[in-house]
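Only one structure is covered here, and it is reproduced in the block below.
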Amino acid sequence: MTHGADGRVVVVGAGIAGQQVAFGLREQGFAGAVALVGDEPGAPYERPPLTKAYLRGDIGPDELEPRPAELYRHERIDLVRARAERIDRAGRTVVLDDGRRLPYDRLVLATGARNRRLRAPGGDLEGVFSLRTRREADALREALAGAGSIVVAGAGFIGLEFAAAVSAHGHKATIVESRARPLGRAVSAHTAAHFTSLHERHGTGFVFGEEVAALHGDRAGRVREAELTDGAVLPADLVLAAVGAAPDTRLAEGAGLPVEDGVAVDAWLRTRDPCVLAVGDCASVAPASGTGPRLRLESVQNALDQAAYAAERLARPDEGEDAPPYARLPWFWSDQYDSSLQIAGLAAGHDRAVVVGDPDDAFSVLLYRRGALAAVESVNRPADHMAARRLLAEGRAPAPEQAASPDFSLRAFARSGG
């Protein structure tokens with residue numbers, strides 16, 4: 001059955017969310033015009049490998065591109081290589097930096113997030129990098145060839161994955177983190193301790209409870225030292241700023257659309273303007289219940305899930321609010337050295353943690369909030385992760401006391417229907 005036989009959809013942002021919206025429309029039978037706007041040259045690519053296989057040199061540029069340029073032509077998706085400057089909502093037009101104007105019937109903002117800048121003097125010295133784009137990854141790979149002392153500002157996923165990737169080529173980084181442990185509030189204390197120990201065994205150093213206060217360079221303007229807030233000085237001829245990201249809301253703000261830690265959308269991913277949707281890292285989603293805080297997630301799976309949902313809604317415009325609101329279970333992953341971390345659910349605010357399995361090598365941490373299972377972190381236990389996703393989606397869970405039993409198995413519990 002074909003839906004949405006006419007009309008024009010413009011998607012701004014050619015990252016993984018934007019790509020999924022464009023191709024998802026075709027998969028849903030949408031026959032109208034589709035334009036995908038991206039401001040980077042070449043075919044759209046995937047960002048997750050940039051901190052892993054691509055940085056290590058295990059894969060090349062072509063392997064970052066999940067879909068060749070020919071496929072866009074085959075699916076009649078117009079790849080527009082330009083930067084969207086503003087949205088003319090009254091005229092339903094996107095104005096590009098080269099002067100072109102793209103008309104739309106429906107507009108999807110998939111603008112992602114922008115790296116936060118390192119708030120320290122010397123942040124513009126040569127040898128100071130961010131890591132989000134392929135161009136930045138290419139520059140980092142070239143600089144690593146001659147790097148001696150590496151400092152990473154921030155122990156989030158990007159900082160840790162970068163340190164793990166460069167370790168494969170003999171580089172030892174020092175990670176400076178303002179909190180008392182890596183990964184902030186993203187994971188439990190047990191999982192954070194596991195990854196701290198894992199990195200230290202591979203030669204990565206940590207400085208917790210401090211920040212990079214200033215960067216000092218030589219006469220040629222190249223970074224040489226990182227001064228910390230306690231006055232300590234670390235040698236540094238390469239610095240990675242991995243201090244988080246902020247949603248890219250510039251287009252939405254310029255168009256007068258509400259912004260609340262991201263582009264504010266309802267439970268159907270619509271902005272205040274029903275012709276404009278937002279998905280992925282830039283979207284701040286209202287709860288389907290109508291009460292409670294908004295949720296904005298920075299993850300590949302969230303971007304893919306929201307994009308697939310948006311494509312389905314755009315291809316079935318007549319459903320309106322008869323369609324179910326967006327309600328996919330969040331899940332995440334990170335690969336570092338020989339450890340694979342998979343997370344199902346949201347750990348924020350948990351008040352109890354139960355560890356099952358081998359606590360040093362292959363384990364899962366069940367995280368409870370007021371007695372209810374909120375999330376499960378699985379390290380090197382992929383079957384546990386799949387069981388956790390099933391249980392959280394179905395609203396089933398073992399009691400904390402049951403999970404703490406020495407012979408408890410998350411997989412067996414999920415199979416039992418208990």
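Please note that chains go A, B, ... in the order of the structure tokens, that every chain numbers its residues from 1, and that ligands are numbered from 1 in the order shown.
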
What's the 12 Å shell around Leu107 (chain A), counting only C-alpha atoms, without same-chain residues fewer than 4 positions away, as a ChimeraX atom specification? /A:7-13,18,21-22,33-37,87-89,92-94,102-103,111,251-252,269-271,273-279,310-311,314

I need the residues of region 34-280 of chain A that end up classed as strand (DSSP E or B) by DSSP on the backbone, written out as an MDAnalysis selection string. chainID A and resid 34:38 77:81 84:88 93:96 101:103 106:109 113:115 126 128:129 150:153 173:177 205:208 212:217 222:228 233:235 238:241 245:247 259 263:265 270 276:278

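Distance-wise, CA of Lys52 (chain A) and CA of Glu70 (chain A) end up 26.8 Å apart.
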
I'd like the neighbourhood of Glu63 (chain A) as a list in words, where a residue qualifies if any of its atoms comes within 12 Å (using only C-alpha atoms), though same-chain residues fewer than 3 positions away should be ignored. Ala43, Pro44, Tyr45, Glu46, Arg47, Pro48, Pro49, Leu50, Ala53, Tyr54, Gly57, Asp58, Ile59, Gly60, Pro66, Arg67, Pro68 and Arg134 of chain A

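Nearest-residue note for His171 (chain A): choosing from A:His202, A:Glu298, A:Ile343, A:Gln402, the minimum distance belongs to A:His202, counting only C-alpha atoms.
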
Can you tell me, as a ChimeraX atom specification, which residues in region 211-260 of chain A count as alpha helix (DSSP H) by DSSP? /A:250-254

Keeping only N, CA, C and O atoms, take the residues you just selected and write them out as a CSV table (one decimal), in the first residue's frame.
```
chain,number,residue,atom,x,y,z
A,250,ARG,N,20.1,25.9,16.5
A,250,ARG,CA,20.1,27.3,15.9
A,250,ARG,C,19.0,27.5,14.9
A,250,ARG,O,18.4,28.6,14.9
A,251,LEU,N,18.7,26.6,14.0
A,251,LEU,CA,17.7,26.8,13.0
A,251,LEU,C,16.3,26.9,13.7
A,251,LEU,O,15.5,27.8,13.3
A,252,ALA,N,16.1,26.1,14.7
A,252,ALA,CA,14.8,26.1,15.4
A,252,ALA,C,14.6,27.5,16.1
A,252,ALA,O,13.5,28.1,16.0
A,253,GLU,N,15.6,27.9,16.8
A,253,GLU,CA,15.6,29.2,17.5
A,253,GLU,C,15.3,30.3,16.5
A,253,GLU,O,14.5,31.2,16.8
A,254,GLY,N,16.0,30.3,15.4
A,254,GLY,CA,15.9,31.4,14.4
A,254,GLY,C,14.5,31.4,13.8
A,254,GLY,O,14.0,32.4,13.4
```
